[in-house]
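Coordinates from data.txt are shown below (compact mmCIF, C-alpha atoms and all ligand atoms).
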# COMPACT_ATOMS: atom_id res chain seq x y z
CA MET A 1 -12.48 -6.62 11.74
CA LYS A 2 -9.40 -5.37 9.92
CA ALA A 3 -10.29 -4.97 6.25
CA VAL A 4 -8.58 -3.95 3.04
CA VAL A 5 -10.75 -2.56 0.27
CA THR A 6 -8.98 -2.50 -3.09
CA GLY A 7 -10.57 0.19 -5.24
CA GLY A 8 -11.81 1.82 -2.05
CA ALA A 9 -11.50 5.30 -3.54
CA GLY A 10 -13.92 4.38 -6.32
CA PHE A 11 -17.68 4.79 -6.61
CA ILE A 12 -18.75 1.52 -4.94
CA GLY A 13 -15.58 0.96 -2.90
CA SER A 14 -15.85 4.30 -1.10
CA ARG A 15 -19.42 3.55 0.02
CA LEU A 16 -18.28 0.13 1.20
CA VAL A 17 -15.50 1.81 3.19
CA ASP A 18 -18.07 4.12 4.83
CA ALA A 19 -20.29 1.16 5.71
CA LEU A 20 -17.37 -0.87 7.13
CA ILE A 21 -16.25 2.04 9.29
CA GLY A 22 -19.86 2.38 10.43
CA HIS A 23 -19.61 -1.26 11.55
CA GLY A 24 -16.52 -0.45 13.60
CA ALA A 25 -13.95 -1.98 11.24
CA GLU A 26 -10.37 -0.78 10.78
CA VAL A 27 -10.26 -0.04 7.06
CA HIS A 28 -7.30 0.25 4.71
CA VAL A 29 -7.73 1.22 1.08
CA LEU A 30 -5.44 0.04 -1.68
CA ASP A 31 -6.03 2.19 -4.74
CA ASN A 32 -3.89 3.74 -7.48
CA LEU A 33 -6.43 6.57 -7.91
CA SER A 34 -6.66 5.92 -11.68
CA THR A 35 -10.44 6.49 -11.61
CA GLY A 36 -10.77 6.83 -7.85
CA ASN A 37 -10.76 10.02 -5.88
CA ARG A 38 -9.02 10.67 -2.58
CA GLY A 39 -11.70 13.24 -1.70
CA ARG A 40 -14.33 10.49 -1.44
CA LEU A 41 -12.49 8.66 1.31
CA HIS A 42 -13.78 8.52 4.86
CA ALA A 43 -11.43 10.40 7.21
CA GLN A 44 -10.81 7.24 9.26
CA ALA A 45 -9.78 5.12 6.26
CA VAL A 46 -6.05 4.68 5.64
CA LEU A 47 -5.14 5.15 1.98
CA HIS A 48 -2.23 3.16 0.51
CA GLN A 49 -1.71 4.49 -2.99
CA ALA A 50 -0.44 1.56 -5.04
CA ASP A 51 -1.25 -0.56 -8.05
CA ILE A 52 -2.76 -4.01 -7.45
CA ARG A 53 -0.39 -5.40 -10.11
CA ASP A 54 2.77 -4.29 -8.31
CA PRO A 55 4.88 -6.28 -5.82
CA GLU A 56 4.62 -3.20 -3.61
CA ALA A 57 0.90 -3.92 -3.15
CA LYS A 58 1.77 -7.33 -1.72
CA ALA A 59 4.22 -5.79 0.72
CA ILE A 60 1.51 -3.34 1.83
CA LEU A 61 -0.89 -6.19 2.57
CA ALA A 62 1.81 -8.06 4.46
CA GLY A 63 2.29 -4.98 6.62
CA ILE A 64 -1.44 -4.61 7.33
CA GLN A 65 -2.28 -8.32 7.87
CA PRO A 66 -6.04 -7.85 7.31
CA ASP A 67 -8.54 -10.60 8.03
CA THR A 68 -10.76 -9.74 5.04
CA LEU A 69 -9.97 -8.38 1.59
CA PHE A 70 -12.70 -6.84 -0.56
CA HIS A 71 -11.38 -6.82 -4.09
CA LEU A 72 -13.10 -4.06 -6.06
CA ALA A 73 -10.17 -2.44 -7.87
CA ALA A 74 -10.62 -3.05 -11.56
CA GLN A 75 -10.61 -1.73 -15.07
CA ALA A 76 -14.43 -1.46 -15.17
CA ASP A 77 -15.01 0.15 -18.55
CA VAL A 78 -16.42 -2.26 -21.16
CA GLN A 79 -15.46 -0.09 -24.16
CA ARG A 80 -11.91 0.38 -22.88
CA SER A 81 -11.60 -3.39 -22.45
CA ILE A 82 -12.33 -3.79 -26.16
CA GLN A 83 -9.86 -1.07 -27.16
CA GLU A 84 -7.13 -2.19 -24.74
CA PRO A 85 -7.63 -5.89 -23.93
CA GLY A 86 -4.08 -6.30 -22.65
CA CYS A 87 -4.47 -3.53 -20.13
CA ASP A 88 -7.85 -4.88 -19.03
CA ALA A 89 -6.41 -8.38 -18.55
CA GLY A 90 -3.38 -6.99 -16.72
CA ILE A 91 -5.52 -5.22 -14.13
CA ASN A 92 -8.48 -7.58 -13.85
CA ILE A 93 -6.68 -10.93 -14.17
CA ALA A 94 -3.01 -10.44 -13.23
CA GLY A 95 -3.96 -7.82 -10.63
CA THR A 96 -6.44 -10.23 -9.04
CA VAL A 97 -3.88 -13.04 -9.02
CA ASN A 98 -1.38 -10.72 -7.35
CA MET A 99 -3.98 -9.91 -4.68
CA LEU A 100 -4.71 -13.64 -4.18
CA ASP A 101 -0.98 -14.30 -3.71
CA ALA A 102 -0.83 -11.39 -1.27
CA CYS A 103 -3.77 -12.82 0.70
CA ARG A 104 -2.09 -16.22 0.93
CA GLU A 105 1.17 -14.69 2.13
CA SER A 106 -0.58 -12.41 4.63
CA GLY A 107 -2.94 -15.02 6.08
CA VAL A 108 -6.14 -13.27 4.95
CA ARG A 109 -9.20 -15.28 5.97
CA LYS A 110 -11.62 -14.23 3.26
CA PHE A 111 -11.50 -12.79 -0.27
CA ILE A 112 -14.69 -11.04 -1.41
CA PHE A 113 -14.78 -10.27 -5.11
CA ALA A 114 -16.72 -7.73 -7.19
CA SER A 115 -17.85 -9.52 -10.33
CA THR A 116 -20.47 -8.57 -12.88
CA SER A 117 -23.48 -9.63 -14.92
CA ALA A 118 -21.22 -9.04 -17.96
CA VAL A 119 -20.00 -12.64 -17.49
CA TYR A 120 -23.30 -13.81 -19.07
CA GLY A 121 -22.81 -11.88 -22.29
CA LYS A 122 -25.96 -11.88 -24.39
CA LEU A 123 -27.79 -14.56 -22.46
CA GLU A 124 -31.26 -13.15 -21.91
CA ARG A 125 -32.90 -15.74 -19.72
CA MET A 126 -35.21 -13.92 -17.30
CA PRO A 127 -34.18 -13.79 -14.57
CA LEU A 128 -30.63 -15.09 -14.84
CA ALA A 129 -29.48 -17.60 -12.23
CA VAL A 130 -25.85 -17.95 -11.14
CA THR A 131 -25.93 -21.47 -12.57
CA ASP A 132 -26.81 -20.20 -16.07
CA PRO A 133 -24.15 -20.53 -18.78
CA VAL A 134 -21.56 -17.79 -18.97
CA GLN A 135 -20.41 -16.47 -22.32
CA PRO A 136 -18.89 -13.00 -22.09
CA ILE A 137 -19.03 -10.79 -25.17
CA SER A 138 -16.46 -8.24 -23.98
CA TYR A 139 -12.92 -8.56 -22.64
CA TYR A 140 -14.20 -6.99 -19.44
CA GLY A 141 -16.74 -9.81 -18.95
CA LEU A 142 -14.04 -12.34 -19.85
CA SER A 143 -11.43 -10.90 -17.50
CA LYS A 144 -13.89 -10.84 -14.60
CA LEU A 145 -14.96 -14.41 -15.34
CA THR A 146 -11.32 -15.53 -15.54
CA ALA A 147 -10.63 -13.83 -12.21
CA GLU A 148 -13.58 -15.77 -10.73
CA HIS A 149 -11.98 -19.03 -11.90
CA TYR A 150 -8.63 -18.06 -10.37
CA ILE A 151 -10.37 -17.36 -7.07
CA ARG A 152 -12.11 -20.76 -7.04
CA LEU A 153 -8.88 -22.59 -7.93
CA TYR A 154 -7.04 -20.58 -5.32
CA HIS A 155 -9.37 -22.05 -2.77
CA ALA A 156 -8.84 -25.55 -4.19
CA PHE A 157 -5.03 -25.27 -4.04
CA TYR A 158 -4.45 -23.00 -1.06
CA GLY A 159 -7.69 -23.04 0.95
CA LEU A 160 -8.36 -19.30 0.68
CA ASN A 161 -12.03 -18.74 1.55
CA TYR A 162 -14.01 -16.51 -0.80
CA THR A 163 -17.36 -15.14 -1.90
CA ILE A 164 -17.95 -13.96 -5.46
CA LEU A 165 -20.61 -11.26 -5.90
CA ARG A 166 -21.93 -10.56 -9.38
CA TYR A 167 -23.44 -7.08 -9.34
CA GLY A 168 -26.29 -5.82 -11.51
CA ASN A 169 -26.27 -2.20 -12.72
CA VAL A 170 -25.09 -0.28 -9.69
CA TYR A 171 -26.16 3.36 -9.30
CA GLY A 172 -26.08 5.99 -6.60
CA PRO A 173 -24.37 9.16 -5.41
CA GLY A 174 -20.74 9.50 -6.41
CA GLN A 175 -20.96 7.57 -9.67
CA THR A 176 -19.35 9.33 -12.60
CA ALA A 177 -20.96 9.48 -16.01
CA LYS A 178 -18.69 6.84 -17.54
CA GLY A 179 -17.81 3.18 -17.08
CA GLU A 180 -20.07 0.21 -16.59
CA GLY A 181 -23.78 0.67 -16.02
CA GLY A 182 -23.52 4.44 -15.91
CA VAL A 183 -26.82 5.35 -17.62
CA ILE A 184 -28.30 6.86 -14.46
CA ALA A 185 -25.14 8.90 -13.82
CA ILE A 186 -25.21 10.10 -17.45
CA PHE A 187 -28.82 11.21 -17.02
CA MET A 188 -28.00 12.96 -13.72
CA GLU A 189 -25.10 14.85 -15.24
CA ARG A 190 -27.22 15.98 -18.17
CA LEU A 191 -30.12 17.03 -15.95
CA LYS A 192 -27.74 19.07 -13.84
CA ASN A 193 -26.72 20.90 -17.00
CA ASN A 194 -30.35 21.13 -18.24
CA LEU A 195 -29.57 18.98 -21.27
CA THR A 196 -31.71 16.50 -23.21
CA LEU A 197 -31.45 12.87 -22.11
CA PRO A 198 -30.18 10.61 -24.92
CA ILE A 199 -31.87 7.21 -25.12
CA ASN A 200 -30.47 4.39 -27.21
CA GLY A 201 -33.28 2.57 -29.05
CA ASP A 202 -36.90 2.79 -27.89
CA GLY A 203 -36.09 3.01 -24.15
CA GLU A 204 -38.05 -0.14 -23.38
CA GLN A 205 -34.84 -2.12 -22.78
CA THR A 206 -34.57 -3.11 -19.12
CA ARG A 207 -31.82 -3.32 -16.51
CA ASP A 208 -31.54 -4.53 -12.94
CA PHE A 209 -30.60 -1.33 -11.10
CA VAL A 210 -29.24 -1.86 -7.60
CA TYR A 211 -28.47 0.97 -5.18
CA VAL A 212 -24.83 1.36 -4.16
CA ASP A 213 -25.42 1.07 -0.40
CA ASP A 214 -27.24 -2.21 -0.95
CA VAL A 215 -24.13 -3.46 -2.76
CA ALA A 216 -21.99 -2.37 0.19
CA ALA A 217 -24.35 -4.22 2.56
CA ALA A 218 -24.08 -7.42 0.48
CA ASN A 219 -20.28 -7.22 0.72
CA ILE A 220 -20.51 -6.94 4.49
CA ALA A 221 -22.99 -9.83 4.67
CA ALA A 222 -20.42 -11.94 2.80
CA VAL A 223 -17.85 -11.55 5.59
CA LYS A 224 -19.61 -14.17 7.67
CA LEU A 225 -21.86 -15.97 5.16
CA GLY A 226 -21.74 -17.33 1.63
CA ASP A 227 -18.41 -19.14 1.94
CA ARG A 228 -17.21 -20.45 -1.45
CA GLY A 229 -20.41 -19.21 -3.11
CA THR A 230 -21.25 -17.07 -6.13
CA TYR A 231 -24.19 -14.69 -5.74
CA HIS A 232 -26.09 -12.00 -7.57
CA VAL A 233 -26.27 -8.59 -5.97
CA SER A 234 -29.38 -7.29 -7.64
CA THR A 235 -33.03 -6.48 -7.15
CA GLY A 236 -34.34 -9.37 -9.22
CA SER A 237 -36.59 -6.96 -11.10
CA ARG A 238 -36.39 -5.19 -14.44
CA THR A 239 -36.65 -1.46 -14.92
CA SER A 240 -36.92 0.12 -18.35
CA ILE A 241 -34.95 3.21 -19.26
CA ASN A 242 -38.26 4.96 -20.03
CA HIS A 243 -39.39 4.19 -16.48
CA VAL A 244 -36.20 5.76 -15.08
CA VAL A 245 -36.94 8.88 -17.15
CA ARG A 246 -40.54 9.04 -15.85
CA GLU A 247 -39.27 8.78 -12.26
CA LEU A 248 -36.72 11.54 -12.87
CA GLN A 249 -39.46 13.69 -14.31
CA ARG A 250 -41.53 13.15 -11.16
CA ILE A 251 -38.56 13.95 -8.89
CA ARG A 252 -37.69 17.08 -10.85
CA GLY A 253 -41.29 18.21 -10.97
CA GLU A 254 -41.00 19.33 -14.56
CA ALA A 255 -40.82 17.82 -18.03
CA VAL A 256 -37.57 16.19 -19.01
CA THR A 257 -36.68 16.26 -22.69
CA VAL A 258 -35.43 13.06 -24.26
CA GLN A 259 -33.94 12.22 -27.60
CA TYR A 260 -34.28 8.72 -28.97
CA ARG A 261 -31.42 7.57 -31.17
CA ASP A 262 -30.35 4.31 -32.80
CA ALA A 263 -30.00 1.32 -30.50
CA LYS A 264 -26.36 0.67 -29.61
CA GLU A 265 -25.01 -2.33 -31.44
CA GLY A 266 -24.18 -5.18 -29.09
CA ASP A 267 -26.39 -3.86 -26.26
CA ILE A 268 -28.52 -6.52 -24.65
CA ARG A 269 -32.26 -5.91 -24.54
CA ASP A 270 -33.04 -7.05 -21.02
CA SER A 271 -31.03 -7.85 -17.94
CA CYS A 272 -32.36 -9.19 -14.67
CA LEU A 273 -30.50 -11.20 -12.05
CA ASP A 274 -32.29 -13.61 -9.75
CA ASN A 275 -31.32 -12.75 -6.16
CA ARG A 276 -33.20 -15.48 -4.28
CA LEU A 277 -30.03 -17.44 -3.52
CA THR A 278 -28.43 -14.28 -2.14
CA THR A 279 -31.37 -13.45 0.11
CA ALA A 280 -31.44 -17.04 1.39
CA GLU A 281 -27.72 -17.63 1.93
CA LEU A 282 -26.35 -14.15 2.67
CA ALA A 283 -29.41 -13.03 4.67
CA TRP A 284 -29.34 -9.88 2.55
CA GLN A 285 -31.90 -8.10 0.51
CA PRO A 286 -31.98 -4.81 -1.32
CA ALA A 287 -33.39 -2.17 1.02
CA VAL A 288 -33.53 0.91 -1.21
CA PRO A 289 -36.34 1.02 -3.79
CA LEU A 290 -35.55 2.65 -7.12
CA GLU A 291 -37.70 5.74 -6.42
CA GLU A 292 -35.77 6.43 -3.20
CA GLY A 293 -32.37 5.62 -4.70
CA LEU A 294 -33.01 7.94 -7.65
CA LEU A 295 -34.09 10.73 -5.33
CA LEU A 296 -30.93 10.37 -3.21
CA THR A 297 -28.78 10.29 -6.34
CA TYR A 298 -30.56 13.28 -7.89
CA LYS A 299 -30.17 15.35 -4.72
CA SER A 300 -26.46 14.57 -4.48
CA TRP A 301 -25.91 15.65 -8.11
CA GLN A 302 -27.84 18.85 -7.62
CA GLN A 303 -25.74 19.68 -4.54
CA GLN A 304 -22.47 19.26 -6.45
CA THR A 305 -20.86 22.50 -7.52
P1 LIG A 401 -14.60 2.75 -10.14
O1 LIG A 401 -13.83 2.93 -11.39
O2 LIG A 401 -15.31 3.91 -9.55
O3 LIG A 401 -13.68 2.11 -9.01
C1 LIG A 401 -12.55 1.31 -9.30
C2 LIG A 401 -11.45 1.72 -8.33
O4 LIG A 401 -10.33 0.88 -8.56
C3 LIG A 401 -10.98 3.17 -8.53
O5 LIG A 401 -10.85 3.82 -7.29
C4 LIG A 401 -9.63 3.02 -9.22
O6 LIG A 401 -8.74 4.09 -8.94
C5 LIG A 401 -9.16 1.69 -8.65
N1 LIG A 401 -8.21 0.99 -9.52
C6 LIG A 401 -8.35 0.75 -10.85
N2 LIG A 401 -7.27 0.09 -11.32
C7 LIG A 401 -6.43 -0.09 -10.26
C8 LIG A 401 -5.16 -0.70 -10.10
N3 LIG A 401 -4.51 -1.25 -11.14
N4 LIG A 401 -4.58 -0.69 -8.87
C9 LIG A 401 -5.22 -0.13 -7.80
N5 LIG A 401 -6.43 0.46 -7.90
C10 LIG A 401 -7.03 0.48 -9.11
O7 LIG A 401 -15.63 1.56 -10.44
P2 LIG A 401 -16.89 1.04 -9.61
O8 LIG A 401 -18.10 1.28 -10.45
O9 LIG A 401 -16.85 1.54 -8.21
O10 LIG A 401 -16.61 -0.53 -9.63
C11 LIG A 401 -16.06 -1.21 -8.51
C12 LIG A 401 -16.05 -2.70 -8.83
O11 LIG A 401 -17.39 -3.16 -9.05
C13 LIG A 401 -15.26 -3.07 -10.07
O12 LIG A 401 -14.57 -4.27 -9.80
C14 LIG A 401 -16.32 -3.29 -11.12
O13 LIG A 401 -15.90 -4.19 -12.11
C15 LIG A 401 -17.45 -3.86 -10.29
N6 LIG A 401 -18.78 -3.67 -10.89
C16 LIG A 401 -19.31 -2.42 -11.03
C17 LIG A 401 -20.59 -2.28 -11.55
C18 LIG A 401 -21.24 -0.93 -11.71
O14 LIG A 401 -22.41 -0.88 -12.14
N7 LIG A 401 -20.60 0.17 -11.37
C19 LIG A 401 -21.30 -3.41 -11.97
C20 LIG A 401 -20.72 -4.66 -11.83
C21 LIG A 401 -19.46 -4.78 -11.26

Using structure tokens, write down the structure from this file.
Amino acid sequence: MKAVVTGGAGFIGSRLVDALIGHGAEVHVLDNLSTGNRGRLHAQAVLHQADIRDPEAKAILAGIQPDTLFHLAAQADVQRSIQEPGCDAGINIAGTVNMLDACRESGVRKFIFASTSAVYGKLERMPLAVTDPVQPISYYGLSKLTAEHYIRLYHAFYGLNYTILRYGNVYGPGQTAKGEGGVIAIFMERLKNNLTLPINGDGEQTRDFVYVDDVAAANIAAVKLGDRGTYHVSTGSRTSINHVVRELQRIRGEAVTVQYRDAKEGDIRDSCLDNRLTTAELAWQPAVPLEEGLLLTYKSWQQQT
């Protein structure tokens, strides 16, 4: 397989690159390094530093002629999307359309897209199914949802095959303490500096935390399966923030101090994504339990200098 990973120097993209190379793929990364980091890249990956919005990015794809494109490059910060909606739309919508055009011109066989549970907005059905109504409450959720629609219409007009993957809260080594779903990274950074863990509200709010390598594996499963489908990449179970803290306490072997503060306005209470369709149609399931994933993440933070 010859693959391009946009955003391949980012948190999730870089682990996907590692997994693809492990599967024997030739991997090219298209990334402008705005939040990504060259140091994360596997030595065998070829980095093309460019912006997904630029015509240059199209020319790069035409030169590579990949068979699969994993589109992970994005403006992935919810708060920034609210402060700078134009920039968010430019990257997440226009950038995606530019990549779709590039795929058409370069004869790419499949487009695999990183979407998000943010498309559901405040909907708190438990667990959420991919057929549930979407109603984003941030420009980030809206731009990702709009990109999904472009991808589906691109198939209708031009026959480009695709799989859309809506991720839960992804965590794991290499995540920085900002951006979407970064609560575990925030806790890790604070623990490393022996600081109190801040908890918004009573800590009983829940999230569907999925380990980064499981997300990479779902992307790889989508190369051959899940044509024209939309799937959750999640555990299908809810974990409270207090539970995460208890686990971290156990891993650390000593008490962790927490500080409860006011709940963040606009935060949803619970989030859980049904993954039964994914396990059935992508032959994928999450392999890393939370306890193990937290331990791996904790160790990697402690090793950082
Ligand atoms: P990240 O910020 O670590 O990675 C994004 C990568 O895209 C970075 O390497 C960045 O340099 C690159 N990039 C950004 N804008 C670009 C542009 N205009 N041109 C070229 N490259 C550009 O974020 P991440 O957490 O690894 O997220 C990867 C994808 O997964 C994103 O599409 C995000 O929306 C999606 N996602 C993430 C989560 C999560 O919990 N982290 C949850 C749901 C969906």

Would you give me, as a Markdown table, each residue of region 267-289 of chain A having an atom within 7 Å of an atom of region 225-236 of chain A, along with its shortest atom pair and that distance in Å to one decimal, using all atoms listed in the file and sorting by chain and residue number?
| residue | atom | partner | partner_atom | distance |
| --- | --- | --- | --- | --- |
| A:Cys272 | CA | A:Gly236 | CA | 5.8 |
| A:Leu273 | CA | A:Gly236 | CA | 5.1 |
| A:Asp274 | CA | A:Gly236 | CA | 4.7 |
| A:Asn275 | CA | A:His232 | CA | 5.5 |
| A:Leu277 | CA | A:Tyr231 | CA | 6.8 |
| A:Thr278 | CA | A:Tyr231 | CA | 5.6 |
| A:Glu281 | CA | A:Gly226 | CA | 6.0 |
| A:Leu282 | CA | A:Leu225 | CA | 5.4 |
| A:Pro286 | CA | A:Thr235 | CA | 6.2 |

Could you please take those selected residues and save C-alpha atoms as a PDB file, in the coordinates of the input?
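Written file, part-v3.pdb:
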ATOM      1  CA  CYS A 272     -32.360  -9.190 -14.670  1.00  0.00           C
ATOM      2  CA  LEU A 273     -30.500 -11.200 -12.050  1.00  0.00           C
ATOM      3  CA  ASP A 274     -32.290 -13.610  -9.750  1.00  0.00           C
ATOM      4  CA  ASN A 275     -31.320 -12.750  -6.160  1.00  0.00           C
ATOM      5  CA  LEU A 277     -30.030 -17.440  -3.520  1.00  0.00           C
ATOM      6  CA  THR A 278     -28.430 -14.280  -2.140  1.00  0.00           C
ATOM      7  CA  GLU A 281     -27.720 -17.630   1.930  1.00  0.00           C
ATOM      8  CA  LEU A 282     -26.350 -14.150   2.670  1.00  0.00           C
ATOM      9  CA  PRO A 286     -31.980  -4.810  -1.320  1.00  0.00           C
TER      10      PRO A 286
END

Near region 258-265 of chain A, 9 Å: region 160-221 of chain A residue rows, closest pairs, all atoms listed in the file, as a tab-separated table:
residue	atom	partner	partner_atom	distance
A:Leu195	CA	A:Val258	CA	8.9
A:Thr196	CA	A:Val258	CA	5.2
A:Leu197	CA	A:Val258	CA	4.5
A:Pro198	CA	A:Gln259	CA	4.9
A:Ile199	CA	A:Tyr260	CA	4.8
A:Asn200	CA	A:Ala263	CA	4.5
A:Gly201	CA	A:Ala263	CA	3.8
A:Asp202	CA	A:Tyr260	CA	6.6
A:Gly203	CA	A:Tyr260	CA	7.7

Export, as a compact mmCIF listing (two decimals), in the coordinates of the input, the selected residues with C-alpha atoms.
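Below you can see out-v3.txt, which holds the result:
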# COMPACT_ATOMS: atom_id res chain seq x y z
CA LEU A 195 -29.57 18.98 -21.27
CA THR A 196 -31.71 16.50 -23.21
CA LEU A 197 -31.45 12.87 -22.11
CA PRO A 198 -30.18 10.61 -24.92
CA ILE A 199 -31.87 7.21 -25.12
CA ASN A 200 -30.47 4.39 -27.21
CA GLY A 201 -33.28 2.57 -29.05
CA ASP A 202 -36.90 2.79 -27.89
CA GLY A 203 -36.09 3.01 -24.15

Contacts to ligand LIG 401 (chain A) at 7 Å cut-off (only C-alpha atoms and all ligand atoms) as a count of residues only | 42

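Distance check against Arg207 (chain A) using only C-alpha atoms: of A:Thr257, A:Thr163, A:Asn242, A:Ser271, the minimum falls on A:Ser271.
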
Among the residues A:Glu247, A:Asn193, A:Gly253, A:Phe70, the one that comes closest to Tyr162 (chain A) [using only C-alpha atoms] = A:Phe70

Could you put an axis-aligned box around every listed atom of region 234-246 of chain A, padded by 8 Å on each side, and send me its centre and edge lengths in Å to one decimal, as JSON?
{"center_x": -35.0, "center_y": -0.2, "center_z": -13.6, "size_x": 27.2, "size_y": 34.4, "size_z": 28.9}

Of the residues A:Leu191, A:Val17, A:Met99, A:Val183, which is the one nearest to Asp208 (chain A), using all atoms listed in the file?
-> A:Val183

How close does region 2-42 of chain A get to region 220-223 of chain A? List, as a tab-separated table, each residue of region 2-42 of chain A within 12 Å, its nearest atom pair and the distance in Å to one decimal, counting only C-alpha atoms.
residue	atom	partner	partner_atom	distance
A:Lys2	CA	A:Val223	CA	11.3
A:Ala3	CA	A:Val223	CA	10.0
A:Val5	CA	A:Ile220	CA	11.5
A:Gly13	CA	A:Ile220	CA	11.9
A:Arg15	CA	A:Ile220	CA	11.5
A:Leu16	CA	A:Ile220	CA	8.1
A:Val17	CA	A:Ile220	CA	10.2
A:Asp18	CA	A:Ile220	CA	11.3
A:Ala19	CA	A:Ile220	CA	8.2
A:Leu20	CA	A:Ile220	CA	7.3
A:Ile21	CA	A:Ile220	CA	11.0
A:Gly22	CA	A:Ile220	CA	11.1
A:His23	CA	A:Ile220	CA	9.1
A:Gly24	CA	A:Ile220	CA	11.9
A:Ala25	CA	A:Ile220	CA	10.6

Which distance in Å separates CA of Val29 (chain A) and CA of Asn98 (chain A), to one decimal?
-> 15.9 Å

Min atom-atom distance to Ile268 (chain A) from the set A:Ala255, A:Ala287, A:Ala118, A:Met188, counting all atoms listed in the file, belongs to A:Ala118

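Close contacts of region 244-246 of chain A, defined as residues with an atom at most 9 Å away when counting only C-alpha atoms, with chain neighbours fewer than 5 positions off set aside, comprise A:Ile184, A:Phe187, A:Leu197, A:Thr239, A:Ile251, A:Val256, A:Val258, A:Leu290, A:Glu291, A:Leu294.
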
Expressed in Å to a single decimal, how great is the separation between CA of Glu292 (chain A) and CA of Asn219 (chain A)?
-> 21.0 Å

Write out as number ranges by chain which residues come within 12 Å of Arg152 (chain A) when counting only C-alpha atoms, dropping same-chain ones fewer than 4 positions away.
-> A: 97, 100, 111-113, 145-148, 156-164, 227-230

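The space between CA of Pro289 (chain A) and CA of Thr131 (chain A) spans 26.3 Å.
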
Counting all atoms listed in the file, the residue among A:Glu105, A:His71, A:Gly174, A:Gln302 that lies closest to Gly39 (chain A) is A:Gly174

Long-range neighbours of Ser300 (chain A) as an MDAnalysis selection string, 9 Å cut-off, only C-alpha atoms, 5 positions minimum in chain = chainID A and resid 172:174 295

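Excluding Val119 (chain A) and any residue on its chain fewer than 2 positions from it, the residues at most 8 Å away by only C-alpha atoms are Thr116, Ser117, Gly121, Val134, Gln135, Pro136, Ile137, Gly141, Leu142, Lys144 and Leu145 of chain A.
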
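Proximity to Ser14 (chain A) was assessed for A:Leu41, A:Ile60, A:His243, A:Glu26 counting all atoms listed in the file; the smallest distance is recorded for A:Leu41.
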
Some atoms are missing, so please complete region 80-90 of chain A with N, CA, C and O atoms and return it as a compact mmCIF listing (two decimals), keeping the file's coordinate frame.
# COMPACT_ATOMS: atom_id res chain seq x y z
N ARG A 80 -13.38 0.35 -23.00
CA ARG A 80 -11.91 0.38 -22.88
C ARG A 80 -11.35 -1.05 -22.96
O ARG A 80 -10.28 -1.28 -23.50
N SER A 81 -12.09 -2.00 -22.42
CA SER A 81 -11.60 -3.39 -22.45
C SER A 81 -11.49 -3.88 -23.89
O SER A 81 -10.64 -4.70 -24.22
N ILE A 82 -12.36 -3.37 -24.75
CA ILE A 82 -12.33 -3.79 -26.16
C ILE A 82 -11.18 -3.09 -26.89
O ILE A 82 -10.49 -3.68 -27.71
N GLN A 83 -10.97 -1.83 -26.52
CA GLN A 83 -9.86 -1.07 -27.16
C GLN A 83 -8.49 -1.51 -26.64
O GLN A 83 -7.53 -1.52 -27.38
N GLU A 84 -8.42 -1.86 -25.35
CA GLU A 84 -7.13 -2.19 -24.74
C GLU A 84 -7.24 -3.50 -23.94
O GLU A 84 -7.18 -3.48 -22.70
N PRO A 85 -7.42 -4.62 -24.66
CA PRO A 85 -7.63 -5.89 -23.93
C PRO A 85 -6.46 -6.28 -23.04
O PRO A 85 -6.66 -6.88 -21.97
N GLY A 86 -5.25 -5.93 -23.45
CA GLY A 86 -4.08 -6.30 -22.65
C GLY A 86 -4.08 -5.58 -21.31
O GLY A 86 -3.79 -6.17 -20.26
N CYS A 87 -4.43 -4.32 -21.36
CA CYS A 87 -4.47 -3.53 -20.13
C CYS A 87 -5.58 -4.06 -19.22
O CYS A 87 -5.39 -4.24 -18.00
N ASP A 88 -6.72 -4.34 -19.81
CA ASP A 88 -7.85 -4.88 -19.03
C ASP A 88 -7.45 -6.19 -18.35
O ASP A 88 -7.69 -6.38 -17.15
N ALA A 89 -6.82 -7.08 -19.12
CA ALA A 89 -6.41 -8.38 -18.55
C ALA A 89 -5.36 -8.18 -17.47
O ALA A 89 -5.38 -8.86 -16.43
N GLY A 90 -4.44 -7.24 -17.71
CA GLY A 90 -3.38 -6.99 -16.72
C GLY A 90 -3.96 -6.59 -15.37
O GLY A 90 -3.54 -7.09 -14.32
